[in-house]
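Text of run.cif (mmCIF, C-alpha atoms) as supplied:
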```cif
data_upload
loop_
_atom_site.label_atom_id
_atom_site.label_comp_id
_atom_site.auth_asym_id
_atom_site.auth_seq_id
_atom_site.Cartn_x
_atom_site.Cartn_y
_atom_site.Cartn_z
CA MET U 175 22.15 48.91 117.35
CA VAL U 176 20.48 52.13 118.49
CA SER U 177 20.81 51.11 122.15
CA LEU U 178 24.54 50.52 121.55
CA PHE U 179 25.38 53.66 119.61
CA SER U 180 23.27 56.19 121.52
CA PRO U 181 25.45 56.04 124.70
CA ILE U 182 28.60 56.21 122.55
CA LEU U 183 27.30 59.28 120.71
CA LEU U 184 26.40 60.89 124.03
CA LEU U 185 29.94 60.32 125.36
CA LEU U 186 31.48 61.70 122.16
CA PHE U 187 29.23 64.77 122.41
CA TRP U 188 30.23 65.21 126.06
CA GLU U 189 33.93 64.90 125.16
CA ALA U 190 33.56 67.50 122.40
CA LEU U 191 31.79 69.98 124.67
CA VAL U 192 34.59 69.71 127.25
CA ARG U 193 37.32 70.02 124.62
CA LEU U 194 35.67 73.08 123.11
CA GLY U 195 35.23 74.71 126.50
CA PHE U 196 31.43 74.64 126.63
CA LEU U 197 31.47 72.42 129.73
CA ASN U 198 33.52 73.17 132.83
CA ALA U 199 35.96 70.27 133.20
CA ASN U 200 36.12 70.90 136.96
CA PHE U 201 32.54 69.67 137.25
CA PHE U 202 32.12 67.62 134.06
CA PRO U 203 35.49 66.02 133.28
CA ALA U 204 36.00 64.60 129.81
CA PRO U 205 35.08 60.89 129.48
CA THR U 206 38.65 60.11 128.38
CA GLY U 207 39.95 61.58 131.64
CA VAL U 208 37.46 59.50 133.64
CA VAL U 209 38.54 56.36 131.76
CA GLY U 210 42.19 57.14 132.53
CA THR U 211 41.38 57.53 136.22
CA LEU U 212 39.38 54.30 136.12
CA TRP U 213 42.31 52.42 134.63
CA GLY U 214 44.63 53.74 137.31
CA LEU U 215 42.25 52.69 140.10
CA LEU U 216 41.84 49.25 138.56
CA SER U 217 45.59 48.82 138.18
CA SER U 218 46.23 49.75 141.80
CA GLY U 219 43.45 47.46 143.03
CA GLU U 220 41.85 50.24 145.08
CA LEU U 221 38.57 50.15 143.18
CA PHE U 222 38.31 46.36 143.49
CA ARG U 223 38.73 46.68 147.25
CA HIS U 224 35.89 49.19 147.59
CA VAL U 225 33.65 47.19 145.23
CA GLY U 226 34.27 43.97 147.16
CA ILE U 227 33.44 45.58 150.51
CA SER U 228 30.26 47.18 149.13
CA LEU U 229 29.08 43.94 147.53
CA GLN U 230 29.71 42.04 150.74
CA ARG U 231 27.65 44.54 152.74
CA SER U 232 24.88 44.53 150.14
CA LEU U 233 24.66 40.74 149.97
CA ILE U 234 24.61 40.26 153.75
CA GLY U 235 21.97 42.96 154.19
CA PHE U 236 19.98 41.56 151.27
CA VAL U 237 19.86 38.07 152.76
CA LEU U 238 19.02 39.38 156.25
CA GLY U 239 16.13 41.45 154.91
CA SER U 240 14.81 39.39 151.99
CA LEU U 241 14.32 36.04 153.73
CA PRO U 242 12.07 37.40 156.54
CA GLY U 243 10.29 39.58 153.97
CA LEU U 244 9.64 36.56 151.76
CA VAL U 245 8.35 34.32 154.55
CA LEU U 246 6.19 37.01 156.15
CA GLY U 247 4.85 38.23 152.79
CA LEU U 248 3.82 34.72 151.71
CA SER U 249 2.20 34.16 155.10
CA MET U 250 0.27 37.42 154.91
CA GLY U 251 -0.95 36.54 151.44
CA LEU U 252 -1.99 33.04 152.47
CA PHE U 253 -3.59 33.79 155.84
CA PRO U 254 -6.07 36.71 156.05
CA LEU U 255 -5.77 36.95 159.84
CA ALA U 256 -2.00 37.50 159.61
CA ARG U 257 -2.53 40.08 156.87
CA ALA U 258 -5.13 41.97 158.92
CA ALA U 259 -2.86 42.01 161.99
CA ILE U 260 0.41 43.03 160.31
CA TRP U 261 -0.56 45.17 157.31
CA PRO U 262 -1.38 48.36 159.30
CA MET U 263 2.13 48.32 160.80
CA ILE U 264 3.70 47.78 157.37
CA GLY U 265 1.64 50.66 155.96
CA ALA U 266 2.87 52.92 158.76
CA LEU U 267 6.55 51.96 158.61
CA TYR U 268 7.12 51.56 154.88
CA PRO U 269 6.87 55.28 153.92
CA ILE U 270 9.58 56.27 156.43
CA PRO U 271 12.81 57.03 154.49
CA LYS U 272 15.17 54.27 155.56
CA ILE U 273 18.19 56.57 155.60
CA ALA U 274 16.31 58.77 158.11
CA ILE U 275 16.51 56.02 160.73
CA LEU U 276 20.24 55.47 160.17
CA PRO U 277 21.16 57.50 163.30
CA LEU U 278 18.85 55.27 165.38
CA VAL U 279 20.34 52.12 163.84
CA MET U 280 23.87 53.35 164.56
CA LEU U 281 22.84 54.21 168.11
CA ILE U 282 21.62 50.64 168.67
CA PHE U 283 24.17 48.66 166.62
CA GLY U 284 27.17 50.98 166.78
CA LEU U 285 29.38 52.24 163.98
CA GLU U 286 30.69 48.86 162.84
CA GLU U 287 29.55 46.67 159.94
CA SER U 288 26.42 45.42 161.70
CA SER U 289 24.70 48.82 161.48
CA LYS U 290 25.24 48.88 157.71
CA TRP U 291 23.84 45.37 157.34
CA VAL U 292 20.78 46.29 159.40
CA ILE U 293 19.89 49.46 157.48
CA ILE U 294 20.20 47.58 154.18
CA ALA U 295 18.11 44.71 155.56
CA ILE U 296 15.37 47.12 156.64
CA GLY U 297 15.25 48.68 153.18
CA VAL U 298 15.19 45.27 151.46
CA PHE U 299 12.52 43.81 153.77
CA PHE U 300 9.59 45.93 152.58
CA PRO U 301 9.69 45.43 148.79
CA MET U 302 10.20 41.70 149.30
CA LEU U 303 7.27 41.46 151.71
CA ILE U 304 4.87 43.55 149.62
CA ASN U 305 5.65 41.77 146.35
CA SER U 306 5.51 38.32 147.96
CA MET U 307 2.12 39.07 149.49
CA ALA U 308 0.82 40.48 146.19
CA GLY U 309 2.05 37.35 144.40
CA VAL U 310 0.04 35.08 146.69
CA LEU U 311 -3.06 37.25 146.43
CA ALA U 312 -2.83 37.05 142.63
CA ILE U 313 -3.06 33.23 142.66
CA GLU U 314 -6.45 32.00 141.43
CA LYS U 315 -8.69 30.91 144.29
CA VAL U 316 -9.29 27.49 142.71
CA TYR U 317 -5.74 26.41 143.56
CA HIS U 318 -6.27 27.12 147.23
CA ASP U 319 -9.61 25.27 147.11
CA VAL U 320 -8.00 22.22 145.50
CA GLY U 321 -5.29 22.19 148.16
CA ARG U 322 -7.82 22.30 150.98
CA ASN U 323 -10.01 19.63 149.34
CA PHE U 324 -7.05 17.30 149.13
CA GLY U 325 -6.23 17.84 152.78
CA ALA U 326 -3.10 19.99 152.38
CA ASN U 327 -1.98 21.42 155.70
CA ARG U 328 -0.70 24.97 156.10
CA LEU U 329 2.94 24.12 155.48
CA THR U 330 2.09 22.16 152.33
CA ARG U 331 -0.06 24.99 151.00
CA PHE U 332 2.75 27.41 151.80
CA LEU U 333 5.38 25.39 149.90
CA THR U 334 3.34 24.00 146.99
CA ILE U 335 0.79 26.75 146.29
CA ALA U 336 1.89 30.08 147.75
CA LEU U 337 5.61 29.97 146.97
CA PRO U 338 5.55 28.71 143.35
CA GLY U 339 2.43 30.72 142.51
CA ALA U 340 3.93 33.94 143.82
CA LEU U 341 7.38 33.37 142.33
CA PRO U 342 7.11 35.87 139.41
CA LEU U 343 6.30 38.74 141.77
CA VAL U 344 8.81 37.45 144.32
CA LEU U 345 11.56 37.76 141.71
CA THR U 346 10.32 41.24 140.83
CA GLY U 347 10.53 42.11 144.51
CA ALA U 348 14.06 40.71 144.65
CA ARG U 349 15.13 42.97 141.78
CA LEU U 350 13.62 46.01 143.47
CA ALA U 351 15.12 45.01 146.81
CA TRP U 352 18.61 44.61 145.33
CA GLY U 353 18.33 48.11 143.85
CA VAL U 354 17.42 49.41 147.30
CA ALA U 355 20.40 47.53 148.77
CA LEU U 356 22.79 49.23 146.33
CA LEU U 357 21.24 52.59 147.12
CA LEU U 358 21.55 52.15 150.87
CA VAL U 359 25.04 50.65 150.79
CA VAL U 360 26.19 53.93 149.28
CA ALA U 361 24.13 56.27 151.45
CA ALA U 362 24.83 54.41 154.71
CA VAL U 363 28.60 54.70 154.42
CA PHE U 364 28.63 58.45 153.83
CA VAL U 365 28.82 58.52 157.63
CA ALA U 366 31.22 56.57 159.84
CA ALA U 367 32.95 54.43 157.23
CA LYS U 368 36.43 54.23 155.79
CA SER U 369 35.77 51.84 152.93
CA GLY U 370 33.20 50.98 150.26
CA LEU U 371 31.96 52.80 147.19
CA GLY U 372 29.90 55.27 149.21
CA TYR U 373 32.97 56.29 151.19
CA PHE U 374 35.02 56.41 147.97
CA ILE U 375 32.54 58.82 146.34
CA TRP U 376 32.19 60.96 149.46
CA HIS U 377 35.96 61.16 150.00
CA SER U 378 36.48 62.07 146.32
CA TRP U 379 34.02 64.92 146.72
CA GLN U 380 35.73 66.14 149.89
CA ILE U 381 39.13 66.36 148.20
CA PHE U 382 37.54 67.61 144.94
CA SER U 383 38.79 64.65 142.95
CA VAL U 384 35.90 64.86 140.50
CA GLU U 385 37.14 62.22 138.09
CA GLU U 386 37.38 59.64 140.90
CA MET U 387 33.89 60.63 142.03
CA TYR U 388 32.57 59.93 138.52
CA VAL U 389 34.38 56.57 138.54
CA GLY U 390 32.56 55.62 141.75
CA ILE U 391 29.17 56.64 140.36
CA ILE U 392 29.75 54.76 137.10
CA THR U 393 30.90 51.67 139.00
CA ILE U 394 27.64 51.57 140.97
CA SER U 395 25.70 51.96 137.73
CA VAL U 396 27.57 49.06 136.12
CA ILE U 397 27.03 46.84 139.16
CA GLY U 398 23.31 47.63 139.12
CA TYR U 399 23.02 46.93 135.39
CA LEU U 400 24.87 43.61 135.59
CA SER U 401 22.80 42.62 138.65
CA PHE U 402 19.57 43.23 136.77
CA LEU U 403 20.83 41.11 133.86
CA LEU U 404 21.54 38.26 136.28
#
```
Starting from the coordinates I provided, produce the structure as structure tokens.
Amino acid sequence: MVSLFSPILLLLFWEALVRLGFLNANFFPAPTGVVGTLWGLLSSGELFRHVGISLQRSLIGFVLGSLPGLVLGLSMGLFPLARAAIWPMIGALYPIPKIAILPLVMLIFGLEESSKWVIIAIGVFFPMLINSMAGVLAIEKVYHDVGRNFGANRLTRFLTIALPGALPLVLTGARLAWGVALLLVVAAVFVAAKSGLGYFIWHSWQIFSVEEMYVGIITISVIGYLSFLL
């Protein structure tokens, strides 16, 4: 009950502060005004259009980045030689802010959808790889020994030991990666885009439509929350 009522009380407190003049409505519009704007955007279908485009970009980028990250991460966890060869490069590339290489990505892939997919895929790749590798390394050594003793080849060990054993951390990596995808799908379209939630928020700021900007931010929050529940 507390988790249900605490956000409601916060919104009521926010509404009261705006109504009493303690908060500047130009920067912190009343929740009722934001809800009214939300209803208008839903009725017109504009918000659904931006949400659909953003989800499409996020899903494509997520698939493009998560599958290679999963396969390479499991391989690095299973085979020490692969881990020794690849890990230094991962350690060097992972700390680079992904949005910082957006100009390079746009230079290579242009300003169309492909550049947005690629930057999301790059951001998704690393958490999937690191968590998948950690999942394999956390498997008890006895399982690997049993597989070898029974003559399991590399592919069999990959599919029957590494993948199921690492699955809890793989799913954790997927949750983190999807959060990164939502972050990047917003940040990437601040530049050279005419659709999507990131563009919607940025355009709202440019024309000082603060209530629409709040609607965009809240929409991303709701999408993230529902995604985590799934």
Problem set entry | Using all atoms listed in the file: which of U:Met280, U:Leu238, U:Val208, U:Ile296 has the shortest distance to U:Ile264 | U:Ile296
For this session: Could you check which of U:Trp352, U:Arg257, U:Pro277, U:Ala190 is closest to U:Phe236, using all atoms listed in the file?
Result: U:Trp352
For this session: Step by step, work through what the PyMOL selection byres ((chain U and resi 401) around 12) selects in the shown file, and finish by giving those residues as a list in words.
Result: Leu229, Ser232, Leu233, Ala348, Arg349, Leu350, Ala351, Trp352, Gly353, Ala355, Leu356, Ile394, Ser395, Val396, Ile397, Gly398, Tyr399, Leu400, Phe402, Leu403 and Leu404 of chain U
For this session: May I ask for the distance between atom CA of U:Leu358 and atom CA of U:Lys290, given in Å to one decimal place?
Result: 8.4 Å
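Restricting the calculation to all atoms listed in the file, the smallest distance between U:Pro338 and any of U:Met302, U:Ile260, U:Leu216, U:Leu248 is found for U:Leu248.
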Exercise. If you count all atoms listed in the file, which residues fall within 9 Å of stretch 387-389 of chain U, apart from same-chain ones fewer than 5 positions away, as a PyMOL selection string?
Worked result: chain U and resi 202-203+208-209+211-212+215+221+374-379+382+394
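Proximity to U:Leu311 was assessed for U:Ser249, U:Ser240, U:Lys272, U:Leu281 counting only C-alpha atoms; the smallest distance is recorded for U:Ser249.
Considering the residues U:Ile293, U:Leu276, U:Leu371, U:Leu285 and counting all atoms listed in the file, U:Gly226 has its shortest atom-to-atom contact with U:Leu371.
Distance-wise, atom CA of U:Ala199 and atom CA of U:Ser369 end up 27.0 Å apart.
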Can you complete the atoms of stretch 300-324 of chain U to N, CA and C atoms and list them as a PDB file, in the coordinates of the input?
```
ATOM      1  N   PHE U 300      10.918  45.479 152.994  1.00  0.00           N
ATOM      2  CA  PHE U 300       9.590  45.930 152.580  1.00  0.00           C
ATOM      3  C   PHE U 300       9.230  45.570 151.143  1.00  0.00           C
ATOM      4  N   PRO U 301      10.071  45.839 150.141  1.00  0.00           N
ATOM      5  CA  PRO U 301       9.690  45.430 148.790  1.00  0.00           C
ATOM      6  C   PRO U 301       9.535  43.919 148.629  1.00  0.00           C
ATOM      7  N   MET U 302      10.357  43.145 149.359  1.00  0.00           N
ATOM      8  CA  MET U 302      10.200  41.700 149.300  1.00  0.00           C
ATOM      9  C   MET U 302       8.871  41.268 149.904  1.00  0.00           C
ATOM     10  N   LEU U 303       8.523  41.826 151.047  1.00  0.00           N
ATOM     11  CA  LEU U 303       7.270  41.460 151.710  1.00  0.00           C
ATOM     12  C   LEU U 303       6.065  41.837 150.846  1.00  0.00           C
ATOM     13  N   ILE U 304       6.033  43.069 150.360  1.00  0.00           N
ATOM     14  CA  ILE U 304       4.870  43.550 149.620  1.00  0.00           C
ATOM     15  C   ILE U 304       4.685  42.760 148.316  1.00  0.00           C
ATOM     16  N   ASN U 305       5.763  42.511 147.603  1.00  0.00           N
ATOM     17  CA  ASN U 305       5.650  41.770 146.350  1.00  0.00           C
ATOM     18  C   ASN U 305       5.306  40.304 146.586  1.00  0.00           C
ATOM     19  N   SER U 306       5.842  39.708 147.641  1.00  0.00           N
ATOM     20  CA  SER U 306       5.510  38.320 147.960  1.00  0.00           C
ATOM     21  C   SER U 306       4.035  38.184 148.319  1.00  0.00           C
ATOM     22  N   MET U 307       3.532  39.098 149.118  1.00  0.00           N
ATOM     23  CA  MET U 307       2.120  39.070 149.490  1.00  0.00           C
ATOM     24  C   MET U 307       1.233  39.268 148.255  1.00  0.00           C
ATOM     25  N   ALA U 308       1.605  40.228 147.407  1.00  0.00           N
ATOM     26  CA  ALA U 308       0.820  40.480 146.190  1.00  0.00           C
ATOM     27  C   ALA U 308       0.834  39.261 145.270  1.00  0.00           C
ATOM     28  N   GLY U 309       1.970  38.552 145.225  1.00  0.00           N
ATOM     29  CA  GLY U 309       2.050  37.350 144.400  1.00  0.00           C
ATOM     30  C   GLY U 309       1.082  36.282 144.851  1.00  0.00           C
ATOM     31  N   VAL U 310       0.973  36.087 146.164  1.00  0.00           N
ATOM     32  CA  VAL U 310       0.040  35.080 146.690  1.00  0.00           C
ATOM     33  C   VAL U 310      -1.405  35.501 146.432  1.00  0.00           C
ATOM     34  N   LEU U 311      -1.701  36.771 146.633  1.00  0.00           N
ATOM     35  CA  LEU U 311      -3.060  37.250 146.430  1.00  0.00           C
ATOM     36  C   LEU U 311      -3.494  37.165 144.967  1.00  0.00           C
ATOM     37  N   ALA U 312      -2.514  37.137 144.060  1.00  0.00           N
ATOM     38  CA  ALA U 312      -2.830  37.050 142.630  1.00  0.00           C
ATOM     39  C   ALA U 312      -3.099  35.621 142.169  1.00  0.00           C
ATOM     40  N   ILE U 313      -2.810  34.631 143.024  1.00  0.00           N
ATOM     41  CA  ILE U 313      -3.060  33.230 142.660  1.00  0.00           C
ATOM     42  C   ILE U 313      -4.569  32.999 142.600  1.00  0.00           C
ATOM     43  N   GLU U 314      -5.021  32.282 141.574  1.00  0.00           N
ATOM     44  CA  GLU U 314      -6.450  32.000 141.430  1.00  0.00           C
ATOM     45  C   GLU U 314      -6.944  31.175 142.623  1.00  0.00           C
ATOM     46  N   LYS U 315      -8.130  31.522 143.081  1.00  0.00           N
ATOM     47  CA  LYS U 315      -8.690  30.910 144.290  1.00  0.00           C
ATOM     48  C   LYS U 315      -8.845  29.400 144.142  1.00  0.00           C
ATOM     49  N   VAL U 316      -9.036  28.922 142.920  1.00  0.00           N
ATOM     50  CA  VAL U 316      -9.290  27.490 142.710  1.00  0.00           C
ATOM     51  C   VAL U 316      -8.126  26.638 143.194  1.00  0.00           C
ATOM     52  N   TYR U 317      -6.899  27.179 143.102  1.00  0.00           N
ATOM     53  CA  TYR U 317      -5.740  26.410 143.560  1.00  0.00           C
ATOM     54  C   TYR U 317      -5.752  26.214 145.062  1.00  0.00           C
ATOM     55  N   HIS U 318      -6.150  27.244 145.772  1.00  0.00           N
ATOM     56  CA  HIS U 318      -6.270  27.120 147.230  1.00  0.00           C
ATOM     57  C   HIS U 318      -7.381  26.129 147.580  1.00  0.00           C
ATOM     58  N   ASP U 319      -8.501  26.181 146.846  1.00  0.00           N
ATOM     59  CA  ASP U 319      -9.610  25.270 147.110  1.00  0.00           C
ATOM     60  C   ASP U 319      -9.201  23.818 146.875  1.00  0.00           C
ATOM     61  N   VAL U 320      -8.460  23.574 145.791  1.00  0.00           N
ATOM     62  CA  VAL U 320      -8.000  22.220 145.500  1.00  0.00           C
ATOM     63  C   VAL U 320      -7.074  21.721 146.612  1.00  0.00           C
ATOM     64  N   GLY U 321      -6.188  22.580 147.080  1.00  0.00           N
ATOM     65  CA  GLY U 321      -5.290  22.190 148.160  1.00  0.00           C
ATOM     66  C   GLY U 321      -6.038  21.807 149.414  1.00  0.00           C
ATOM     67  N   ARG U 322      -7.028  22.619 149.786  1.00  0.00           N
ATOM     68  CA  ARG U 322      -7.820  22.300 150.980  1.00  0.00           C
ATOM     69  C   ARG U 322      -8.611  21.014 150.792  1.00  0.00           C
ATOM     70  N   ASN U 323      -9.194  20.832 149.596  1.00  0.00           N
ATOM     71  CA  ASN U 323     -10.010  19.630 149.340  1.00  0.00           C
ATOM     72  C   ASN U 323      -9.183  18.358 149.403  1.00  0.00           C
ATOM     73  N   PHE U 324      -7.907  18.462 149.066  1.00  0.00           N
ATOM     74  CA  PHE U 324      -7.050  17.300 149.130  1.00  0.00           C
ATOM     75  C   PHE U 324      -6.320  17.170 150.470  1.00  0.00           C
TER      76      PHE U 324
END
```
